[in-house]
$ cat work.cif   # mmCIF, N, CA and C atoms
data_my_file
#
loop_
_atom_site.label_atom_id
_atom_site.label_comp_id
_atom_site.auth_asym_id
_atom_site.auth_seq_id
_atom_site.Cartn_x
_atom_site.Cartn_y
_atom_site.Cartn_z
N MET A 1 -109.10 7.69 4.43
CA MET A 1 -109.52 8.85 5.20
C MET A 1 -108.59 10.02 4.93
N LYS A 2 -107.27 9.73 4.87
CA LYS A 2 -106.32 10.81 4.63
C LYS A 2 -106.47 11.37 3.23
N ASN A 3 -106.79 10.50 2.25
CA ASN A 3 -106.95 10.98 0.87
C ASN A 3 -108.16 11.90 0.76
N GLY A 4 -109.24 11.56 1.44
CA GLY A 4 -110.45 12.40 1.42
C GLY A 4 -110.19 13.76 2.05
N LEU A 5 -109.44 13.74 3.13
CA LEU A 5 -109.11 14.99 3.81
C LEU A 5 -108.18 15.83 2.94
N LEU A 6 -107.28 15.18 2.22
CA LEU A 6 -106.38 15.89 1.32
C LEU A 6 -107.16 16.54 0.18
N VAL A 7 -108.14 15.83 -0.36
CA VAL A 7 -108.96 16.37 -1.45
C VAL A 7 -109.75 17.58 -0.97
N VAL A 8 -110.34 17.48 0.21
CA VAL A 8 -111.10 18.59 0.77
C VAL A 8 -110.19 19.80 0.99
N GLY A 9 -108.99 19.57 1.48
CA GLY A 9 -108.03 20.64 1.70
C GLY A 9 -107.62 21.31 0.40
N MET A 10 -107.41 20.53 -0.65
CA MET A 10 -107.04 21.08 -1.95
C MET A 10 -108.18 21.91 -2.54
N ILE A 11 -109.40 21.43 -2.40
CA ILE A 11 -110.56 22.18 -2.91
C ILE A 11 -110.69 23.50 -2.17
N ALA A 12 -110.53 23.47 -0.85
CA ALA A 12 -110.61 24.70 -0.07
C ALA A 12 -109.51 25.68 -0.47
N LEU A 13 -108.34 25.18 -0.73
CA LEU A 13 -107.23 26.03 -1.15
C LEU A 13 -107.51 26.66 -2.51
N LEU A 14 -108.04 25.87 -3.44
CA LEU A 14 -108.35 26.40 -4.77
C LEU A 14 -109.47 27.44 -4.71
N LEU A 15 -110.48 27.19 -3.90
CA LEU A 15 -111.58 28.16 -3.77
C LEU A 15 -111.09 29.45 -3.12
N GLY A 16 -110.23 29.32 -2.14
CA GLY A 16 -109.66 30.50 -1.50
C GLY A 16 -108.81 31.31 -2.45
N ALA A 17 -108.03 30.64 -3.29
CA ALA A 17 -107.19 31.34 -4.25
C ALA A 17 -108.04 32.01 -5.32
N ALA A 18 -109.13 31.35 -5.73
CA ALA A 18 -110.01 31.93 -6.75
C ALA A 18 -110.73 33.16 -6.21
N ALA A 19 -111.06 33.15 -4.92
CA ALA A 19 -111.76 34.28 -4.32
C ALA A 19 -110.87 35.51 -4.23
N CYS A 20 -109.58 35.31 -4.11
CA CYS A 20 -108.65 36.43 -3.98
C CYS A 20 -108.06 36.84 -5.33
N ALA A 21 -108.54 36.25 -6.41
CA ALA A 21 -107.95 36.50 -7.72
C ALA A 21 -108.22 37.90 -8.22
N GLY A 22 -109.23 38.57 -7.73
CA GLY A 22 -109.56 39.92 -8.17
C GLY A 22 -111.05 40.04 -8.42
N PRO A 23 -111.48 41.24 -8.73
CA PRO A 23 -112.92 41.42 -8.93
C PRO A 23 -113.40 40.74 -10.20
N THR A 24 -114.55 40.14 -10.09
CA THR A 24 -115.14 39.49 -11.25
C THR A 24 -115.91 40.52 -12.06
N ARG A 25 -116.38 40.13 -13.21
CA ARG A 25 -117.15 41.04 -14.06
C ARG A 25 -118.44 41.45 -13.36
N VAL A 26 -119.05 40.52 -12.64
CA VAL A 26 -120.28 40.83 -11.91
C VAL A 26 -120.01 41.87 -10.83
N ALA A 27 -118.92 41.73 -10.12
CA ALA A 27 -118.58 42.68 -9.07
C ALA A 27 -118.28 44.06 -9.64
N MET A 28 -117.67 44.11 -10.80
CA MET A 28 -117.34 45.40 -11.41
C MET A 28 -118.58 46.11 -11.92
N ASP A 29 -119.59 45.35 -12.36
CA ASP A 29 -120.82 45.94 -12.90
C ASP A 29 -121.92 46.07 -11.86
N PHE A 30 -121.64 45.79 -10.61
CA PHE A 30 -122.66 45.82 -9.57
C PHE A 30 -123.23 47.23 -9.44
N GLY A 31 -124.53 47.37 -9.59
CA GLY A 31 -125.20 48.66 -9.47
C GLY A 31 -125.31 49.43 -10.77
N THR A 32 -124.68 48.93 -11.83
CA THR A 32 -124.72 49.64 -13.11
C THR A 32 -126.13 49.71 -13.66
N SER A 33 -126.90 48.63 -13.53
CA SER A 33 -128.25 48.63 -14.08
C SER A 33 -129.14 49.64 -13.37
N VAL A 34 -128.98 49.81 -12.06
CA VAL A 34 -129.77 50.79 -11.33
C VAL A 34 -129.39 52.20 -11.75
N LYS A 35 -128.09 52.46 -11.85
CA LYS A 35 -127.64 53.79 -12.28
C LYS A 35 -128.12 54.10 -13.70
N LEU A 36 -128.06 53.11 -14.58
CA LEU A 36 -128.47 53.31 -15.96
C LEU A 36 -129.97 53.55 -16.06
N SER A 37 -130.77 52.80 -15.32
CA SER A 37 -132.22 53.01 -15.37
C SER A 37 -132.61 54.35 -14.77
N THR A 38 -131.93 54.79 -13.71
CA THR A 38 -132.20 56.12 -13.14
C THR A 38 -131.85 57.20 -14.15
N PHE A 39 -130.73 57.07 -14.83
CA PHE A 39 -130.33 58.05 -15.83
C PHE A 39 -131.33 58.10 -16.97
N ASN A 40 -131.80 56.93 -17.43
CA ASN A 40 -132.73 56.88 -18.56
C ASN A 40 -134.11 57.41 -18.20
N GLN A 41 -134.48 57.42 -16.93
CA GLN A 41 -135.80 57.90 -16.52
C GLN A 41 -135.80 59.38 -16.14
N THR A 42 -134.65 60.01 -16.17
CA THR A 42 -134.56 61.42 -15.81
C THR A 42 -134.78 62.26 -17.06
N LEU A 43 -135.83 63.07 -17.04
CA LEU A 43 -136.15 63.88 -18.21
C LEU A 43 -135.15 65.00 -18.40
N ASN A 44 -134.85 65.71 -17.32
CA ASN A 44 -133.93 66.84 -17.40
C ASN A 44 -132.93 66.74 -16.25
N PRO A 45 -131.73 66.25 -16.52
CA PRO A 45 -130.75 66.10 -15.44
C PRO A 45 -130.33 67.43 -14.81
N GLN A 46 -130.49 68.53 -15.51
CA GLN A 46 -130.09 69.84 -15.01
C GLN A 46 -131.21 70.55 -14.26
N ALA A 47 -132.34 69.90 -14.04
CA ALA A 47 -133.51 70.55 -13.43
C ALA A 47 -133.22 71.02 -12.00
N GLY A 48 -132.38 70.36 -11.28
CA GLY A 48 -132.07 70.75 -9.91
C GLY A 48 -131.33 72.07 -9.81
N LYS A 49 -130.70 72.48 -10.89
CA LYS A 49 -129.94 73.73 -10.88
C LYS A 49 -130.81 74.95 -11.20
N ASN A 50 -132.05 74.70 -11.67
CA ASN A 50 -132.96 75.79 -12.01
C ASN A 50 -133.65 76.27 -10.74
N LEU A 51 -133.39 77.51 -10.33
CA LEU A 51 -133.94 78.05 -9.09
C LEU A 51 -135.15 78.95 -9.32
N GLU A 52 -135.65 79.02 -10.54
CA GLU A 52 -136.83 79.83 -10.85
C GLU A 52 -138.07 79.19 -10.23
N PRO A 53 -139.05 80.02 -9.79
CA PRO A 53 -140.27 79.44 -9.24
C PRO A 53 -141.06 78.69 -10.31
N VAL A 54 -141.77 77.67 -9.88
CA VAL A 54 -142.56 76.86 -10.79
C VAL A 54 -143.83 77.62 -11.14
N ALA A 55 -144.13 77.73 -12.41
CA ALA A 55 -145.32 78.44 -12.86
C ALA A 55 -146.34 77.43 -13.38
N GLY A 56 -147.61 77.74 -13.23
CA GLY A 56 -148.65 76.91 -13.80
C GLY A 56 -149.44 76.10 -12.79
N PHE A 57 -149.15 76.20 -11.52
CA PHE A 57 -149.89 75.46 -10.50
C PHE A 57 -150.37 76.48 -9.49
N ASP A 58 -151.66 76.80 -9.54
CA ASP A 58 -152.16 77.88 -8.69
C ASP A 58 -152.17 77.49 -7.22
N GLY A 59 -152.23 78.49 -6.35
CA GLY A 59 -152.12 78.28 -4.91
C GLY A 59 -153.24 77.43 -4.34
N GLY A 60 -154.48 77.64 -4.80
CA GLY A 60 -155.62 76.87 -4.28
C GLY A 60 -155.49 75.38 -4.56
N ALA A 61 -155.11 75.07 -5.78
CA ALA A 61 -154.93 73.67 -6.16
C ALA A 61 -153.78 73.04 -5.38
N ALA A 62 -152.71 73.81 -5.19
CA ALA A 62 -151.57 73.29 -4.45
C ALA A 62 -151.94 73.04 -2.99
N LYS A 63 -152.72 73.98 -2.40
CA LYS A 63 -153.13 73.82 -1.00
C LYS A 63 -154.02 72.59 -0.84
N TYR A 64 -154.99 72.43 -1.73
CA TYR A 64 -155.88 71.27 -1.67
C TYR A 64 -155.09 69.97 -1.83
N THR A 65 -154.16 69.96 -2.75
CA THR A 65 -153.35 68.77 -2.99
C THR A 65 -152.54 68.41 -1.75
N MET A 66 -151.93 69.38 -1.12
CA MET A 66 -151.12 69.11 0.07
C MET A 66 -151.98 68.66 1.25
N GLU A 67 -153.16 69.26 1.42
CA GLU A 67 -154.06 68.83 2.50
C GLU A 67 -154.51 67.40 2.29
N LYS A 68 -154.85 67.07 1.05
CA LYS A 68 -155.27 65.70 0.74
C LYS A 68 -154.12 64.72 0.97
N TYR A 69 -152.92 65.12 0.61
CA TYR A 69 -151.74 64.28 0.81
C TYR A 69 -151.51 64.04 2.30
N GLN A 70 -151.60 65.08 3.11
CA GLN A 70 -151.40 64.94 4.56
C GLN A 70 -152.49 64.09 5.18
N LYS A 71 -153.71 64.22 4.69
CA LYS A 71 -154.83 63.46 5.24
C LYS A 71 -154.69 61.96 4.97
N ASP A 72 -153.97 61.60 3.92
CA ASP A 72 -153.75 60.19 3.60
C ASP A 72 -152.95 59.47 4.68
N PHE A 73 -152.19 60.20 5.48
CA PHE A 73 -151.37 59.58 6.51
C PHE A 73 -152.05 59.52 7.87
N GLU A 74 -153.25 60.07 7.98
CA GLU A 74 -153.97 60.01 9.24
C GLU A 74 -154.55 58.62 9.44
N LYS A 75 -154.79 58.29 10.67
CA LYS A 75 -155.36 56.98 10.99
C LYS A 75 -156.81 56.95 10.51
N PRO A 76 -157.19 55.94 9.73
CA PRO A 76 -158.56 55.90 9.24
C PRO A 76 -159.55 55.64 10.38
N GLN A 77 -160.73 56.20 10.23
CA GLN A 77 -161.76 55.98 11.24
C GLN A 77 -162.27 54.56 11.13
N ALA A 78 -162.59 53.98 12.27
CA ALA A 78 -163.09 52.61 12.28
C ALA A 78 -164.48 52.57 11.66
N ALA A 79 -164.70 51.58 10.86
CA ALA A 79 -166.01 51.40 10.25
C ALA A 79 -166.99 50.92 11.33
N PRO A 80 -168.26 51.28 11.21
CA PRO A 80 -169.22 50.83 12.21
C PRO A 80 -169.30 49.30 12.21
N GLY A 81 -169.29 48.73 13.39
CA GLY A 81 -169.33 47.28 13.50
C GLY A 81 -170.75 46.77 13.68
N TYR A 82 -171.00 45.61 13.21
CA TYR A 82 -172.31 44.98 13.33
C TYR A 82 -172.14 43.64 14.01
N THR A 83 -173.09 43.30 14.86
CA THR A 83 -173.07 42.02 15.55
C THR A 83 -174.29 41.21 15.12
N PHE A 84 -174.03 40.02 14.66
CA PHE A 84 -175.12 39.13 14.26
C PHE A 84 -175.16 37.96 15.22
N ARG A 85 -176.32 37.73 15.79
CA ARG A 85 -176.48 36.60 16.72
C ARG A 85 -177.19 35.46 15.98
N THR A 86 -176.65 34.28 16.15
CA THR A 86 -177.22 33.14 15.46
C THR A 86 -178.04 32.25 16.39
N GLY A 87 -177.99 32.52 17.66
CA GLY A 87 -178.72 31.68 18.60
C GLY A 87 -177.84 30.57 19.16
N TYR A 88 -176.73 30.32 18.55
CA TYR A 88 -175.82 29.27 19.02
C TYR A 88 -174.81 29.88 19.96
N THR A 89 -174.66 29.29 21.15
CA THR A 89 -173.64 29.73 22.08
C THR A 89 -172.73 28.59 22.39
N ASN A 90 -171.49 28.88 22.53
CA ASN A 90 -170.48 27.86 22.81
C ASN A 90 -170.01 28.06 24.25
N GLN A 91 -170.82 27.60 25.17
CA GLN A 91 -170.47 27.74 26.59
C GLN A 91 -169.97 26.41 27.10
N GLN A 92 -168.92 26.47 27.86
CA GLN A 92 -168.36 25.23 28.41
C GLN A 92 -168.30 25.28 29.89
#
$ encode --input "work.cif" --output "structure tokens"
Amino acid sequence: MKNGLLVVGMIALLLGAAACAGPTRVAMDFGTSVKLSTFNQTLNPQAGKNLEPVAGFDGGAAKYTMEKYQKDFEKPQAAPGYTFRTGYTNQQ
């Protein structure tokens, strides 16, 4: 019994020492893939600094697009319900 407890204690000590050894390669690279994919999908990283108005999208089309976008968040109307009677009733 004492030998088993000693082995468990040694394993716990080794695991604790390994955990405090420092950052692993996985911990150092955590989030790198997300940052890299975001960077690769950005067409123009400097676009946020351009304060010129956007040209090429007329006001009517923009208004229609925004109204349609807002309407997508409204609660949909309930579809008309139909009741079919089969003649069978489950009365107890």
$ atom_distance --input "work.cif" --atom1 "atom CA of Leu51 of chain A" --atom2 "atom N of Phe39 of chain A"
22.0 Å
$ atom_distance --input "work.cif" --atom1 "atom C of Ala55 of chain A" --atom2 "atom CA of Leu43 of chain A"
17.6 Å
$ atom_distance --input "work.cif" --atom1 "atom CA of Gly60 of chain A" --atom2 "atom CA of Asn44 of chain A"
27.3 Å
